Amino acid sequence: VGLDFFLQMTELKAHEEMMTSNLLVEFHEGLGSAMFLSHQWLADHHPDPNHEQLRVFQDAMRNLMSGVTRVTLPVAAELLFGRLPCPTADDFKAKPIFVWYDYLCCPQGVSSTSARQRHAAIRSIPSYVTKCEYFVVLCPTVE
């Protein structure tokens, strides 16, 4: 899904519902940049039942895009690798960004067909990651 849409979401809907509503985009590099969003599942049936992680991600991205917050490297990384360029607010706004989030992008149904499709999608995650310009690890403290 487009980052602009993702930032407006008030809840995370399963892949099937997103597909039925025509809200998913099949990404290719001509569309812009891709962002892989890694996160912790907080329940068996839903990754973020109270939408706490969603709000943390949305606030963080809004702050990054507005320049209120900026991406920095840990000191240890700079000592090992030197100063590396980090994405800026302008980078996040330069071209459209599309977010890959497993609950939205992998089938969630319980049927055998959904299970096969889900396993195929999960096996394809390394391929999805290689197409992403951004990799975000979302790990806020939530209950």
# chains A, B, ... in the order shown; residues from 1 in each chain; ligands from 1
>>> residues_around(residues="stretch 101-104 of chain A", least_positions_apart="3", cutoff="6 Å", atoms="only C-alpha atoms", output="ChimeraX atom specification")
/A:14-15,37
>>> select_by_dssp(residues="chain A", states="strand (DSSP E)", output="VMD selection string")
chain A and resid 33 to 39 97 to 100 134 to 138
>>> residues_around(residues="stretch 84-100 of chain A", least_positions_apart="2", cutoff="7 Å", atoms="only C-alpha atoms", output="PDB file with C-alpha atoms, in the first residue's frame")
ATOM      1  CA  VAL A   1       0.000   0.000   0.000  1.00  0.00           C
ATOM      2  CA  GLY A   2       1.090   3.535  -0.563  1.00  0.00           C
ATOM      3  CA  LEU A   3       2.684   5.228   2.434  1.00  0.00           C
ATOM      4  CA  LEU A  31       6.107   3.314  -9.026  1.00  0.00           C
ATOM      5  CA  GLY A  32       8.634   4.708  -6.538  1.00  0.00           C
ATOM      6  CA  SER A  33      10.377   3.169  -3.528  1.00  0.00           C
ATOM      7  CA  ALA A  34       9.417   0.223  -1.360  1.00  0.00           C
ATOM      8  CA  MET A  35       9.620  -0.005   2.422  1.00  0.00           C
ATOM      9  CA  PHE A  36       9.625  -3.335   4.246  1.00  0.00           C
ATOM     10  CA  LEU A  37       8.034  -2.992   7.676  1.00  0.00           C
ATOM     11  CA  LEU A  64      10.739  11.842   9.664  1.00  0.00           C
ATOM     12  CA  MET A  65       8.924  13.287   6.669  1.00  0.00           C
ATOM     13  CA  SER A  66       8.489  16.685   8.340  1.00  0.00           C
ATOM     14  CA  GLY A  67      12.098  16.852   9.509  1.00  0.00           C
ATOM     15  CA  ARG A  70      15.977  12.414  11.482  1.00  0.00           C
ATOM     16  CA  VAL A  71      17.590   9.061  10.807  1.00  0.00           C
ATOM     17  CA  THR A  72      20.988   8.667  12.470  1.00  0.00           C
ATOM     18  CA  GLY A  82      32.519   5.731   8.855  1.00  0.00           C
ATOM     19  CA  ASP A 102       2.852  -8.952   6.152  1.00  0.00           C
ATOM     20  CA  CYS A 105       0.363  -8.424   1.915  1.00  0.00           C
TER      21      CYS A 105
END
>>> closest_residue(among="A:Ala43, A:Val56, A:Ala77, A:Cys106", to="A:Met18", atoms="only C-alpha atoms")
A:Cys106
>>> atom_distance(atom1="atom CA of A:Val136", atom2="atom CA of A:Phe57")
9.3 Å
>>> closest_residue(among="A:Thr20, A:Gln108, A:Gln53, A:Thr113", to="A:Gln40", atoms="only C-alpha atoms")
A:Gln53
>>> atom_distance(atom1="atom CA of A:Glu16", atom2="atom CA of A:Gly109")
7.5 Å
>>> residues_around(residues="A:Leu42", least_positions_apart="3", cutoff="12 Å", atoms="only C-alpha atoms", output="list in words")
His39, His45, His46, Pro47, Asp48, Pro49, Asn50, His51, Glu52, Gln53, Leu54, Cys139, Pro140, Thr141, Val142 and Glu143 of chain A
>>> write_last_selection(atoms="C-alpha atoms", output="CSV table (one decimal), in the first residue's frame")
chain,number,residue,atom,x,y,z
A,39,HIS,CA,7.2,-5.9,13.4
A,45,HIS,CA,-5.3,-13.5,15.2
A,46,HIS,CA,-4.0,-10.0,14.5
A,47,PRO,CA,-0.5,-8.4,14.6
A,48,ASP,CA,-1.6,-5.2,16.4
A,49,PRO,CA,-5.2,-5.7,17.8
A,50,ASN,CA,-5.2,-2.3,19.6
A,51,HIS,CA,-3.4,-0.5,16.7
A,52,GLU,CA,-0.6,0.7,19.0
A,53,GLN,CA,2.2,-0.2,16.7
A,54,LEU,CA,0.4,1.3,13.8
A,139,CYS,CA,9.7,-2.6,17.9
A,140,PRO,CA,8.0,-0.2,20.4
A,141,THR,CA,7.2,-1.2,23.9
A,142,VAL,CA,3.5,-2.0,23.8
A,143,GLU,CA,1.3,-4.3,25.9
>>> select_by_dssp(residues="stretch 15-119 of chain A", states="alpha helix (DSSP H)", output="ChimeraX atom specification")
/A:15-20,52-66,75-81,89-94,102-105,112-119
>>> write_last_selection(atoms="N, CA and C atoms", output="compact mmCIF listing (two decimals), in the first residue's frame")
# COMPACT_ATOMS: atom_id res chain seq x y z
N HIS A 15 -5.22 -9.13 4.61
CA HIS A 15 -4.93 -9.16 3.18
C HIS A 15 -6.19 -9.32 2.33
N GLU A 16 -7.03 -10.27 2.71
CA GLU A 16 -8.22 -10.55 1.91
C GLU A 16 -9.14 -9.33 1.84
N GLU A 17 -9.31 -8.65 2.94
CA GLU A 17 -10.17 -7.45 2.94
C GLU A 17 -9.53 -6.32 2.13
N MET A 18 -8.22 -6.20 2.22
CA MET A 18 -7.51 -5.18 1.43
C MET A 18 -7.65 -5.48 -0.06
N MET A 19 -7.56 -6.76 -0.42
CA MET A 19 -7.70 -7.16 -1.83
C MET A 19 -9.12 -6.87 -2.32
N THR A 20 -10.11 -7.27 -1.56
CA THR A 20 -11.51 -7.07 -1.93
C THR A 20 -11.82 -5.59 -2.13
N GLU A 52 -1.67 -0.08 18.34
CA GLU A 52 -0.63 0.72 19.00
C GLU A 52 0.61 0.84 18.14
N GLN A 53 1.06 -0.27 17.55
CA GLN A 53 2.24 -0.22 16.69
C GLN A 53 1.96 0.62 15.45
N LEU A 54 0.76 0.51 14.92
CA LEU A 54 0.38 1.31 13.76
C LEU A 54 0.57 2.79 14.06
N ARG A 55 0.06 3.24 15.20
CA ARG A 55 0.17 4.66 15.55
C ARG A 55 1.63 5.08 15.77
N VAL A 56 2.44 4.22 16.37
CA VAL A 56 3.86 4.53 16.57
C VAL A 56 4.54 4.71 15.21
N PHE A 57 4.29 3.77 14.30
CA PHE A 57 4.89 3.88 12.96
C PHE A 57 4.42 5.15 12.26
N GLN A 58 3.13 5.42 12.29
CA GLN A 58 2.59 6.60 11.63
C GLN A 58 3.22 7.88 12.20
N ASP A 59 3.30 7.97 13.51
CA ASP A 59 3.90 9.16 14.13
C ASP A 59 5.37 9.29 13.75
N ALA A 60 6.09 8.18 13.78
CA ALA A 60 7.52 8.20 13.42
C ALA A 60 7.71 8.66 11.98
N MET A 61 6.92 8.11 11.06
CA MET A 61 7.06 8.50 9.65
C MET A 61 6.68 9.96 9.44
N ARG A 62 5.63 10.41 10.09
CA ARG A 62 5.26 11.83 9.96
C ARG A 62 6.39 12.73 10.46
N ASN A 63 7.01 12.33 11.58
CA ASN A 63 8.12 13.12 12.12
C ASN A 63 9.33 13.09 11.20
N LEU A 64 9.62 11.93 10.61
CA LEU A 64 10.74 11.84 9.66
C LEU A 64 10.47 12.67 8.41
N MET A 65 9.26 12.58 7.91
CA MET A 65 8.92 13.29 6.67
C MET A 65 8.86 14.80 6.87
N SER A 66 8.56 15.25 8.07
CA SER A 66 8.49 16.68 8.34
C SER A 66 9.84 17.25 8.77
N VAL A 75 26.58 5.10 17.08
CA VAL A 75 28.00 5.47 17.12
C VAL A 75 28.87 4.28 16.71
N ALA A 76 28.53 3.08 17.17
CA ALA A 76 29.34 1.90 16.83
C ALA A 76 29.38 1.68 15.33
N ALA A 77 28.28 1.89 14.64
CA ALA A 77 28.25 1.72 13.18
C ALA A 77 29.14 2.76 12.51
N GLU A 78 29.12 3.99 13.00
CA GLU A 78 29.97 5.03 12.41
C GLU A 78 31.44 4.72 12.67
N LEU A 79 31.77 4.18 13.83
CA LEU A 79 33.15 3.81 14.12
C LEU A 79 33.63 2.71 13.18
N LEU A 80 32.77 1.74 12.90
CA LEU A 80 33.14 0.62 12.04
C LEU A 80 33.16 0.99 10.56
N PHE A 81 32.17 1.75 10.12
CA PHE A 81 31.98 1.97 8.69
C PHE A 81 32.19 3.41 8.25
N ALA A 89 14.42 13.90 5.30
CA ALA A 89 13.01 14.22 5.08
C ALA A 89 12.73 14.35 3.59
N ASP A 90 13.64 14.99 2.87
CA ASP A 90 13.45 15.15 1.42
C ASP A 90 13.45 13.81 0.70
N ASP A 91 14.29 12.88 1.15
CA ASP A 91 14.32 11.55 0.53
C ASP A 91 12.97 10.84 0.68
N PHE A 92 12.35 10.98 1.85
CA PHE A 92 11.07 10.32 2.09
C PHE A 92 9.94 10.94 1.27
N LYS A 93 10.17 12.16 0.78
CA LYS A 93 9.13 12.84 0.01
C LYS A 93 9.45 12.92 -1.48
N ALA A 94 10.64 12.47 -1.88
CA ALA A 94 11.08 12.64 -3.27
C ALA A 94 10.26 11.83 -4.27
N ASP A 102 3.30 -7.58 6.37
CA ASP A 102 2.85 -8.95 6.15
C ASP A 102 1.35 -9.17 6.28
N TYR A 103 0.72 -8.59 7.28
CA TYR A 103 -0.71 -8.82 7.49
C TYR A 103 -1.54 -8.31 6.32
N LEU A 104 -1.08 -7.26 5.70
CA LEU A 104 -1.78 -6.71 4.54
C LEU A 104 -1.41 -7.44 3.25
N CYS A 105 -0.17 -7.92 3.19
CA CYS A 105 0.36 -8.42 1.92
C CYS A 105 0.41 -9.94 1.79
N SER A 112 -7.20 -24.20 2.96
CA SER A 112 -5.95 -24.80 2.49
C SER A 112 -5.33 -23.97 1.37
N THR A 113 -6.16 -23.37 0.53
CA THR A 113 -5.64 -22.50 -0.53
C THR A 113 -4.95 -21.28 0.06
N SER A 114 -5.58 -20.65 1.04
CA SER A 114 -4.97 -19.49 1.71
C SER A 114 -3.66 -19.88 2.38
N ALA A 115 -3.65 -21.04 3.02
CA ALA A 115 -2.44 -21.50 3.70
C ALA A 115 -1.30 -21.70 2.71
N ARG A 116 -1.59 -22.30 1.55
CA ARG A 116 -0.56 -22.49 0.51
C ARG A 116 -0.06 -21.14 0.01
N GLN A 117 -0.99 -20.23 -0.25
CA GLN A 117 -0.61 -18.89 -0.73
C GLN A 117 0.21 -18.14 0.33
N ARG A 118 -0.17 -18.29 1.59
CA ARG A 118 0.55 -17.63 2.67
C ARG A 118 1.98 -18.16 2.75
N HIS A 119 2.12 -19.49 2.69
CA HIS A 119 3.46 -20.08 2.75
C HIS A 119 4.31 -19.65 1.56
>>> atom_distance(atom1="atom CA of A:Pro107", atom2="atom CA of A:Ala121")
7.9 Å
